[in-house]
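> A single structure is presented below for examination.
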Amino acid sequence: MSHHHNRATFGSKIGVILATVGCAVGLGNIWRFPYMVGSNGGAAFLLIYIICIILLGLPVMITEFFIGRHSRKNAAGAFKVMAPGTKWSLIGYNGVLAAFLILGFYSVVAGWTLEYIMQALDGSLTGKTAAEFKLDFEQFSSGIVRPIGWTIAFIALTHIIIISGVKEGIERASKIMMPMLFLILIALCIRSVTLPNAEKGLAFLFNPDFSKISSSVVLSAMGQAFFSLSIGMGCLITYSSYFKKDTKLQTTALQVTVLDTLVAILAGVMIFPAVFSFGIAPTAGPELVFITLPNVFEQLPFGWIWSTVFFVLLALAALTSTISLHEVATAYVHEEYHISRKKAAWFVSGGVLTLGILSSLSFSVLKEFTIGGLIFFDALDYLTAKIMLPLGGMLICIFVGTRVDRKILKAELTNEGTVPFHFFNTYAFFMKYIAPVAIGLIFLNELGLINRIIKLF
Ligand code: PFF
């Protein structure tokens with residue numbers, strides 16, 4: 001390409017990894033993962049989740065890193081430079097749309113974390129029974145002004161960071177916040193596993209009951225893997241377009257994947273012993289973390305300090321993810337429509353605000369308005385995590401597997417042969433064949449097609 005955008009790059013190697021970890025680690029690990037495990041039968045789900053992370057997550061992540069750094073473009077622009085004049089750019093549009101839709105419900109949950117910071121500070125999270133915590137959450141989330149107010153506040157926060165480019169500050173802050181989040185998770189895990197009946201929770205999480213596996217459990221696990229790793233939608237394409245020439249792509253992918261999975265498992269160890277100890281239903285759904293954790297804080301000396309710090313860290317983890325989602329959409333609008341970054345950001349925030357308000361209202365006045373039996377909030381979650389992200393991941397693999405010369409792929413992934421990639425052939429095989437076929441089969445299985453075909457014989 002003759003004209004070069006002068007694209008920013010991340011400041012340092014540790015900055016690259018932190019920003020990418022910040023994008024991956026978020027509500028997906030601490031809010032969504034435990035509730036998915038709880039609603040999908042426990043350990044069997046965890047097992048399939050880990051298989052999906054290794055077989056699909058890692059190869060797709062490496063492939064996205066390849067596309068991003070090779071093209072140095074946003075999620076949609078990347079396909080336009082790599083395959084001009086073809087329909088492959090649809091992958092990018094799918095991703096941009098997914099980012100936008102995810103933000104629509106993610107900001108609502110992020111808003112909930114702000115409410116819980118306030119409640120922790122004003123003492124409302126103390127001295128209650130498990131049943132009262134549940135009731136409180138339900139009253140709050142089915143309200144109108146407070147949840148919407150917090151959703152707007154969170155979108156505003158994301159917007160300010162996106163337009164003022166204080167990403168640097170965020171990078172630096174995450175250097176302290178991420179390790180802190182890790183430490184507080186470990187402390188809460190210890191408290192949780194020493195509660196009475198904790199072993200029931202650990203058995204639920206780690207002792208698989210294979211009869212619980214069904215096509216919907218497999219689809220949910222795959223969706224969770226994509227959601228948690230932020231893959232299949234070009235977010236990592238956008239981030240890796242800012243990577244430096246000497247960033248080791250496969251090492252970074254491995255580090256991000258391991259850290260992300262570790263945080264999710266720690267969240268599980270923090271939640272499930274407490275769920276069983278306090279007699280909460282593991283199938284409670286999106287409210288699970290919010291009704292379980294206050295019980296754990298009750299059991300700690302200076303519970304309000306623990307809960308405040310925890311929810312502040314959770315809000316920050318959510319913020320580093322909403323920034324990445326917003327960035328995907330903003331970078332796309334800015335670069336492809338040639339309007340200023342600021343205007344692009346306003347455009348995105350306005351749309352997200354609309355979706356966020358509708359999602360929040362779907363717990364109250366819009367409860368009866370369902371799409372395929374799901375309230376608006378759940379419909380956005382289902383559509384993105386279980387359909388758009390895996391579909392995007394499948395197409396990304398097919399694109400690179402069929403359209404990109406192996407030599408170019410290898411050169412980019414080994415930084416022009418300067419770093420070794422011992423498992424390159426294995427990776428290429430998984431990316432080209434295993435991942436697309438496995439994702440395709442999981443879709444067909446969920447649609448019931450495989451069963452029908454088997455019955456034919
Ligand atoms: N991975 C984030 C989380 O687990 O919270 C959510 C997310 C961020 C999904 C960015 C997709 C994405 F592009």
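Following the order of the structure tokens, chains are lettered A, B, ..., residues in each are numbered from 1, and ligands are numbered from 1.
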For region 400-404 of chain A, work out the shell of residues within 12 Å, counting only C-alpha atoms and skipping chain neighbours fewer than 5 positions away, then give it as a ChimeraX atom specification.
/A:59-60,62-68,70,78-79,82-84,86,88,91,393-395,409-412,427-436
> Within 12 Å of Leu366 (chain A), counting only C-alpha atoms, which residues show up once you throw out same-chain ones fewer than 3 positions away? Write them as JSON, numbers by chain, please.
{"A": [142, 143, 144, 357, 358, 359, 360, 361, 362, 363, 369, 370, 371, 374, 375, 376, 377]}
> Can you spit out the residues from that selection as a PDB file, in the first residue's frame, using N, CA and C atoms?

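The resulting file, part_36.pdb, is reproduced below:
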```pdb
ATOM      1  N   SER A 142     -34.809  -4.704  38.250  1.00  0.00           N
ATOM      2  CA  SER A 142     -36.087  -4.486  37.581  1.00  0.00           C
ATOM      3  C   SER A 142     -36.584  -3.055  37.804  1.00  0.00           C
ATOM      4  N   GLY A 143     -35.724  -2.225  38.361  1.00  0.00           N
ATOM      5  CA  GLY A 143     -36.060  -0.805  38.462  1.00  0.00           C
ATOM      6  C   GLY A 143     -35.803  -0.145  37.118  1.00  0.00           C
ATOM      7  N   ILE A 144     -36.023   1.154  37.054  1.00  0.00           N
ATOM      8  CA  ILE A 144     -35.817   1.838  35.775  1.00  0.00           C
ATOM      9  C   ILE A 144     -34.696   2.875  35.880  1.00  0.00           C
ATOM     10  N   ILE A 357     -30.127   0.889  26.964  1.00  0.00           N
ATOM     11  CA  ILE A 357     -31.388   1.219  27.654  1.00  0.00           C
ATOM     12  C   ILE A 357     -32.417   0.121  27.395  1.00  0.00           C
ATOM     13  N   LEU A 358     -32.500  -0.334  26.147  1.00  0.00           N
ATOM     14  CA  LEU A 358     -33.450  -1.411  25.836  1.00  0.00           C
ATOM     15  C   LEU A 358     -33.105  -2.689  26.615  1.00  0.00           C
ATOM     16  N   SER A 359     -31.810  -2.997  26.698  1.00  0.00           N
ATOM     17  CA  SER A 359     -31.401  -4.199  27.441  1.00  0.00           C
ATOM     18  C   SER A 359     -31.769  -4.091  28.899  1.00  0.00           C
ATOM     19  N   SER A 360     -31.507  -2.916  29.469  1.00  0.00           N
ATOM     20  CA  SER A 360     -31.802  -2.731  30.877  1.00  0.00           C
ATOM     21  C   SER A 360     -33.306  -2.828  31.127  1.00  0.00           C
ATOM     22  N   LEU A 361     -34.079  -2.236  30.236  1.00  0.00           N
ATOM     23  CA  LEU A 361     -35.539  -2.269  30.405  1.00  0.00           C
ATOM     24  C   LEU A 361     -36.110  -3.670  30.205  1.00  0.00           C
ATOM     25  N   SER A 362     -35.315  -4.553  29.570  1.00  0.00           N
ATOM     26  CA  SER A 362     -35.857  -5.891  29.338  1.00  0.00           C
ATOM     27  C   SER A 362     -35.938  -6.701  30.633  1.00  0.00           C
ATOM     28  N   PHE A 363     -35.409  -6.149  31.735  1.00  0.00           N
ATOM     29  CA  PHE A 363     -35.605  -6.781  33.044  1.00  0.00           C
ATOM     30  C   PHE A 363     -36.836  -6.206  33.740  1.00  0.00           C
ATOM     31  N   PHE A 369     -41.549  -8.449  26.051  1.00  0.00           N
ATOM     32  CA  PHE A 369     -41.107  -8.345  24.666  1.00  0.00           C
ATOM     33  C   PHE A 369     -39.936  -9.317  24.448  1.00  0.00           C
ATOM     34  N   THR A 370     -40.217 -10.460  23.817  1.00  0.00           N
ATOM     35  CA  THR A 370     -39.151 -11.456  23.679  1.00  0.00           C
ATOM     36  C   THR A 370     -38.859 -11.752  22.214  1.00  0.00           C
ATOM     37  N   ILE A 371     -37.621 -12.185  21.970  1.00  0.00           N
ATOM     38  CA  ILE A 371     -37.199 -12.571  20.621  1.00  0.00           C
ATOM     39  C   ILE A 371     -36.806 -14.040  20.712  1.00  0.00           C
ATOM     40  N   LEU A 374     -36.499 -15.166  24.188  1.00  0.00           N
ATOM     41  CA  LEU A 374     -35.505 -14.535  25.063  1.00  0.00           C
ATOM     42  C   LEU A 374     -35.801 -13.048  25.215  1.00  0.00           C
ATOM     43  N   ILE A 375     -35.586 -12.518  26.429  1.00  0.00           N
ATOM     44  CA  ILE A 375     -35.706 -11.077  26.592  1.00  0.00           C
ATOM     45  C   ILE A 375     -34.574 -10.410  25.797  1.00  0.00           C
ATOM     46  N   PHE A 376     -34.713  -9.121  25.524  1.00  0.00           N
ATOM     47  CA  PHE A 376     -33.771  -8.419  24.654  1.00  0.00           C
ATOM     48  C   PHE A 376     -32.318  -8.604  25.097  1.00  0.00           C
ATOM     49  N   PHE A 377     -32.067  -8.457  26.403  1.00  0.00           N
ATOM     50  CA  PHE A 377     -30.718  -8.639  26.968  1.00  0.00           C
ATOM     51  C   PHE A 377     -30.165 -10.013  26.598  1.00  0.00           C
TER      52      PHE A 377
END
```
> Which protein, DNA or RNA residues have an atom within 7 Å of ligand 1, counting only C-alpha atoms and all ligand atoms, as number ranges by chain?
A: 23-29, 99, 227-231, 233-236, 318, 321-322, 324-325
> Using only C-alpha atoms, I'd like a table of the residues in region 200-247 of chain A that come within 10 Å of region 440-453 of chain A; for each, show the closest atom pair and its distance in Å rounded to one decimal, ordered by chain and ascending number, as CSV.

```
residue,atom,partner,partner_atom,distance
A:Ser214,CA,A:Glu446,CA,8.9
A:Ser215,CA,A:Glu446,CA,5.3
A:Ser216,CA,A:Glu446,CA,6.2
A:Val217,CA,A:Glu446,CA,9.4
A:Val218,CA,A:Ile442,CA,7.1
A:Leu219,CA,A:Ile442,CA,6.3
A:Met222,CA,A:Ile442,CA,8.4
```
> Now that the selection is made, can you save its residues with C-alpha atoms as an mmCIF file, in the first residue's frame?

```
data_model
loop_
_atom_site.group_PDB
_atom_site.id
_atom_site.type_symbol
_atom_site.label_atom_id
_atom_site.label_comp_id
_atom_site.auth_asym_id
_atom_site.auth_seq_id
_atom_site.Cartn_x
_atom_site.Cartn_y
_atom_site.Cartn_z
ATOM 1 C CA SER A 214 -26.006 -31.939 25.459
ATOM 2 C CA SER A 215 -25.745 -30.022 22.217
ATOM 3 C CA SER A 216 -26.768 -26.820 23.947
ATOM 4 C CA VAL A 217 -24.089 -27.295 26.629
ATOM 5 C CA VAL A 218 -21.458 -27.706 23.899
ATOM 6 C CA LEU A 219 -22.690 -24.618 22.042
ATOM 7 C CA MET A 222 -17.929 -22.752 22.664
#
```
> Can you pull out every residue from region 418-447 of chain A that DSSP, working from the backbone, puts in helix (DSSP H, G or I), and format the result as a list in words?
Phe424, Asn425, Thr426, Tyr427, Ala428, Phe429, Phe430, Met431, Lys432, Tyr433, Ile434, Ala435, Pro436, Val437, Ala438, Ile439, Gly440, Leu441, Ile442, Phe443, Leu444, Asn445 and Glu446 of chain A
> Would you mind reading off the distance between CA of Phe297 (chain A) and CA of Ile186 (chain A), one decimal, in Å?
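For CA of Phe297 (chain A) relative to CA of Ile186 (chain A), the distance reads 13.7 Å.
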> Rank nothing, just name the residue among A:Gly15, A:Pro179, A:Gly111, A:Gly42 nearest to Thr158 (chain A), using only C-alpha atoms.
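Looking at the shortest contact to Thr158 (chain A), the residue is A:Gly111.
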> Please provide as an mmCIF file with all heavy atoms, in the first residue's frame all residues within 8 Å of Leu353 (chain A), with the sequence filter that same-chain residues fewer than 6 positions apart are discarded (counting only C-alpha atoms).

```cif
data_model
loop_
_atom_site.group_PDB
_atom_site.id
_atom_site.type_symbol
_atom_site.label_atom_id
_atom_site.label_comp_id
_atom_site.auth_asym_id
_atom_site.auth_seq_id
_atom_site.Cartn_x
_atom_site.Cartn_y
_atom_site.Cartn_z
ATOM 1 N N GLY A 104 -24.001 -3.371 23.940
ATOM 2 C CA GLY A 104 -25.374 -3.086 24.308
ATOM 3 C C GLY A 104 -25.819 -3.773 25.584
ATOM 4 O O GLY A 104 -26.568 -3.198 26.370
ATOM 5 N N THR A 151 -25.939 2.448 33.593
ATOM 6 C CA THR A 151 -25.554 2.035 32.230
ATOM 7 C C THR A 151 -25.030 3.257 31.471
ATOM 8 O O THR A 151 -23.972 3.209 30.840
ATOM 9 C CB THR A 151 -26.769 1.444 31.482
ATOM 10 O OG1 THR A 151 -27.272 0.345 32.237
ATOM 11 C CG2 THR A 151 -26.398 0.983 30.092
ATOM 12 N N ILE A 152 -25.779 4.355 31.575
ATOM 13 C CA ILE A 152 -25.355 5.585 30.897
ATOM 14 C C ILE A 152 -23.997 6.048 31.444
ATOM 15 O O ILE A 152 -23.096 6.402 30.687
ATOM 16 C CB ILE A 152 -26.413 6.708 31.080
ATOM 17 C CG1 ILE A 152 -27.716 6.289 30.393
ATOM 18 C CG2 ILE A 152 -25.896 8.042 30.532
ATOM 19 C CD1 ILE A 152 -28.879 7.245 30.631
ATOM 20 N N ILE A 155 -21.236 3.907 29.943
ATOM 21 C CA ILE A 155 -20.980 4.212 28.529
ATOM 22 C C ILE A 155 -20.243 5.560 28.433
ATOM 23 O O ILE A 155 -19.304 5.711 27.640
ATOM 24 C CB ILE A 155 -22.294 4.231 27.718
ATOM 25 C CG1 ILE A 155 -22.904 2.823 27.719
ATOM 26 C CG2 ILE A 155 -22.051 4.707 26.278
ATOM 27 C CD1 ILE A 155 -24.303 2.738 27.157
#
```
> Write out as JSON, numbers by chain all residues of region 312-402 of chain A that DSSP puts in strand (DSSP E) for this structure's backbone.
{"A": [370, 371, 374, 375]}
> Selected residues, N, CA, C and O atoms, written as a compact mmCIF listing (two decimals), in the first residue's frame, please.

```txt
# COMPACT_ATOMS: atom_id res chain seq x y z
N THR A 370 -40.22 -10.46 23.82
CA THR A 370 -39.15 -11.46 23.68
C THR A 370 -38.86 -11.75 22.21
O THR A 370 -39.72 -11.59 21.35
N ILE A 371 -37.62 -12.19 21.97
CA ILE A 371 -37.20 -12.57 20.62
C ILE A 371 -36.81 -14.04 20.71
O ILE A 371 -35.87 -14.38 21.41
N LEU A 374 -36.50 -15.17 24.19
CA LEU A 374 -35.50 -14.53 25.06
C LEU A 374 -35.80 -13.05 25.21
O LEU A 374 -36.18 -12.38 24.24
N ILE A 375 -35.59 -12.52 26.43
CA ILE A 375 -35.71 -11.08 26.59
C ILE A 375 -34.57 -10.41 25.80
O ILE A 375 -33.58 -11.06 25.46
```
> Tell me which protein, DNA and RNA residues are within 8 Å of Leu266 (chain A), counting only C-alpha atoms, leaving out same-chain ones fewer than 2 positions away, and put them as a compact mmCIF listing (two decimals) with all heavy atoms, in the first residue's frame.

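Output file around-v1.txt follows:
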```
# COMPACT_ATOMS: atom_id res chain seq x y z
N LEU A 185 -9.00 -12.04 44.04
CA LEU A 185 -9.71 -13.26 43.65
C LEU A 185 -9.20 -14.44 44.47
O LEU A 185 -9.98 -15.25 44.97
CB LEU A 185 -9.49 -13.56 42.17
CG LEU A 185 -10.41 -12.89 41.16
CD1 LEU A 185 -9.99 -13.28 39.74
CD2 LEU A 185 -11.85 -13.29 41.40
N ILE A 186 -7.88 -14.50 44.63
CA ILE A 186 -7.30 -15.62 45.39
C ILE A 186 -7.76 -15.56 46.85
O ILE A 186 -8.17 -16.57 47.43
CB ILE A 186 -5.76 -15.63 45.25
CG1 ILE A 186 -5.40 -16.01 43.81
CG2 ILE A 186 -5.12 -16.60 46.24
CD1 ILE A 186 -3.94 -15.94 43.49
N CYS A 189 -11.25 -16.71 47.01
CA CYS A 189 -11.30 -18.18 46.81
C CYS A 189 -11.03 -18.88 48.13
O CYS A 189 -11.71 -19.85 48.49
CB CYS A 189 -10.26 -18.62 45.79
SG CYS A 189 -10.70 -18.25 44.10
N LEU A 262 -7.25 -18.84 33.61
CA LEU A 262 -6.97 -18.88 35.04
C LEU A 262 -7.94 -17.99 35.82
O LEU A 262 -8.49 -18.39 36.86
CB LEU A 262 -5.53 -18.39 35.27
CG LEU A 262 -4.80 -18.95 36.46
CD1 LEU A 262 -4.78 -20.47 36.40
CD2 LEU A 262 -3.36 -18.42 36.50
N VAL A 263 -8.18 -16.79 35.32
CA VAL A 263 -9.10 -15.88 36.01
C VAL A 263 -10.51 -16.47 36.05
O VAL A 263 -11.19 -16.41 37.07
CB VAL A 263 -9.11 -14.48 35.35
CG1 VAL A 263 -10.19 -13.59 35.95
CG2 VAL A 263 -7.75 -13.81 35.51
N ALA A 264 -10.93 -17.09 34.93
CA ALA A 264 -12.27 -17.70 34.91
C ALA A 264 -12.37 -18.82 35.95
O ALA A 264 -13.33 -18.90 36.71
CB ALA A 264 -12.58 -18.23 33.51
N GLY A 268 -14.71 -19.25 39.30
CA GLY A 268 -15.54 -20.41 39.61
C GLY A 268 -15.29 -20.91 41.03
O GLY A 268 -16.23 -21.22 41.77
N VAL A 269 -14.01 -20.95 41.42
CA VAL A 269 -13.66 -21.42 42.77
C VAL A 269 -14.16 -20.42 43.82
O VAL A 269 -14.51 -20.78 44.94
CB VAL A 269 -12.13 -21.64 42.89
CG1 VAL A 269 -11.73 -21.97 44.32
CG2 VAL A 269 -11.68 -22.73 41.94
N MET A 270 -14.24 -19.17 43.45
CA MET A 270 -14.75 -18.16 44.37
C MET A 270 -16.27 -18.28 44.53
O MET A 270 -16.80 -18.12 45.63
CB MET A 270 -14.38 -16.77 43.83
CG MET A 270 -15.08 -15.61 44.48
SD MET A 270 -14.55 -14.05 43.75
CE MET A 270 -15.50 -14.00 42.25
```
> For region 127-132 of chain A, please output as a list in words all residues within 8 Å (counting only C-alpha atoms; exclusion window: fewer than 2 positions along the same chain).
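My list of contacting residues is Leu125, Lys134, Leu135, Asp136, Phe278, Gly279, Ile280, Ile291, Thr292, Asn295 and Glu298 of chain A.
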> So that I have them on file, write out the residues from the current selection with C-alpha atoms, as a PDB file, in the first residue's frame.

```pdb
ATOM      1  CA  LEU A 125     -24.377  -4.933  51.467  1.00  0.00           C
ATOM      2  CA  LYS A 134     -31.416 -11.991  46.063  1.00  0.00           C
ATOM      3  CA  LEU A 135     -34.508  -9.878  46.593  1.00  0.00           C
ATOM      4  CA  ASP A 136     -32.440  -6.693  46.641  1.00  0.00           C
ATOM      5  CA  PHE A 278     -25.553 -20.394  51.224  1.00  0.00           C
ATOM      6  CA  GLY A 279     -28.131 -22.524  49.437  1.00  0.00           C
ATOM      7  CA  ILE A 280     -28.269 -20.373  46.296  1.00  0.00           C
ATOM      8  CA  ILE A 291     -26.421 -12.502  44.767  1.00  0.00           C
ATOM      9  CA  THR A 292     -23.610 -14.845  45.836  1.00  0.00           C
ATOM     10  CA  ASN A 295     -22.731 -13.426  51.258  1.00  0.00           C
ATOM     11  CA  GLU A 298     -20.468 -10.916  55.054  1.00  0.00           C
TER      12      GLU A 298
END
```
> Using only C-alpha atoms, which residue out of A:Pro273, A:Gly303, A:Gly201, A:Gly165 lies closest to Ile323 (chain A)?
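Using only C-alpha atoms, Ile323 (chain A) sits closest to A:Gly165.
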> Env of Ile17 (chain A): 12 Å cut, atoms = only C-alpha atoms, seq-sep filter 3 positions within chain, self excluded. Answer as an MDAnalysis selection string.
chainID A and resid 10:14 20:25 171:172 174:175 178 236 239:240 242:244 247:257 259:260
> Calculate how many Å separate CA of Ala267 (chain A) from CA of Ile30 (chain A), rounding to one decimal.
5.4 Å
> Which polymer residues have any atom within 8 Å of an atom of Leu103 (chain A), counting only C-alpha atoms, with same-chain residues fewer than 2 positions away left out, as a list in words?
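Counting only C-alpha atoms, the residues come to Ala99, Phe100, Leu101, Phe105, Tyr106, Ser107, Thr322, Leu325, His326, Val352 and Gly356 of chain A.
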> Mind writing the picked residues with N, CA, C and O atoms as a short mmCIF file (atom, residue, chain, number, x, y, z; two decimals), in the first residue's frame?

```
data_model
loop_
_atom_site.label_atom_id
_atom_site.label_comp_id
_atom_site.auth_asym_id
_atom_site.auth_seq_id
_atom_site.Cartn_x
_atom_site.Cartn_y
_atom_site.Cartn_z
N ALA A 99 -19.41 -6.32 18.07
CA ALA A 99 -18.85 -5.46 19.12
C ALA A 99 -19.93 -4.51 19.64
O ALA A 99 -20.11 -4.32 20.84
N PHE A 100 -20.66 -3.94 18.69
CA PHE A 100 -21.71 -2.99 18.99
C PHE A 100 -22.83 -3.65 19.82
O PHE A 100 -23.27 -3.13 20.84
N LEU A 101 -23.23 -4.84 19.39
CA LEU A 101 -24.32 -5.54 20.10
C LEU A 101 -23.86 -6.01 21.49
O LEU A 101 -24.62 -5.95 22.46
N PHE A 105 -25.39 -5.01 25.82
CA PHE A 105 -25.81 -5.64 27.08
C PHE A 105 -24.69 -5.63 28.12
O PHE A 105 -24.92 -5.63 29.32
N TYR A 106 -23.44 -5.60 27.63
CA TYR A 106 -22.29 -5.60 28.55
C TYR A 106 -22.29 -4.35 29.43
O TYR A 106 -21.98 -4.40 30.61
N SER A 107 -22.66 -3.20 28.82
CA SER A 107 -22.66 -1.97 29.61
C SER A 107 -23.70 -1.99 30.72
O SER A 107 -23.54 -1.31 31.73
N THR A 322 -14.79 -2.83 27.74
CA THR A 322 -15.70 -1.97 26.96
C THR A 322 -14.90 -1.03 26.06
O THR A 322 -15.32 -0.72 24.96
N LEU A 325 -14.08 -2.97 22.97
CA LEU A 325 -15.25 -3.15 22.11
C LEU A 325 -15.59 -1.84 21.39
O LEU A 325 -15.88 -1.83 20.20
N HIS A 326 -15.53 -0.76 22.15
CA HIS A 326 -15.82 0.55 21.56
C HIS A 326 -14.80 0.88 20.49
O HIS A 326 -15.14 1.41 19.42
N VAL A 352 -24.97 2.59 21.13
CA VAL A 352 -24.82 1.68 22.27
C VAL A 352 -25.77 2.08 23.40
O VAL A 352 -26.36 1.24 24.07
N GLY A 356 -28.32 -0.25 25.15
CA GLY A 356 -28.15 -0.45 26.59
C GLY A 356 -29.44 -0.18 27.34
O GLY A 356 -29.83 -0.94 28.23
#
```
> Select, from A:Phe182, A:Phe311, A:Phe302, A:Phe272, the residue with the minimum atom-to-atom distance to Trp112 (chain A), counting only C-alpha atoms.
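Checking each of A:Phe182, A:Phe311, A:Phe302, A:Phe272 against Trp112 (chain A), counting only C-alpha atoms, the winner is A:Phe311.
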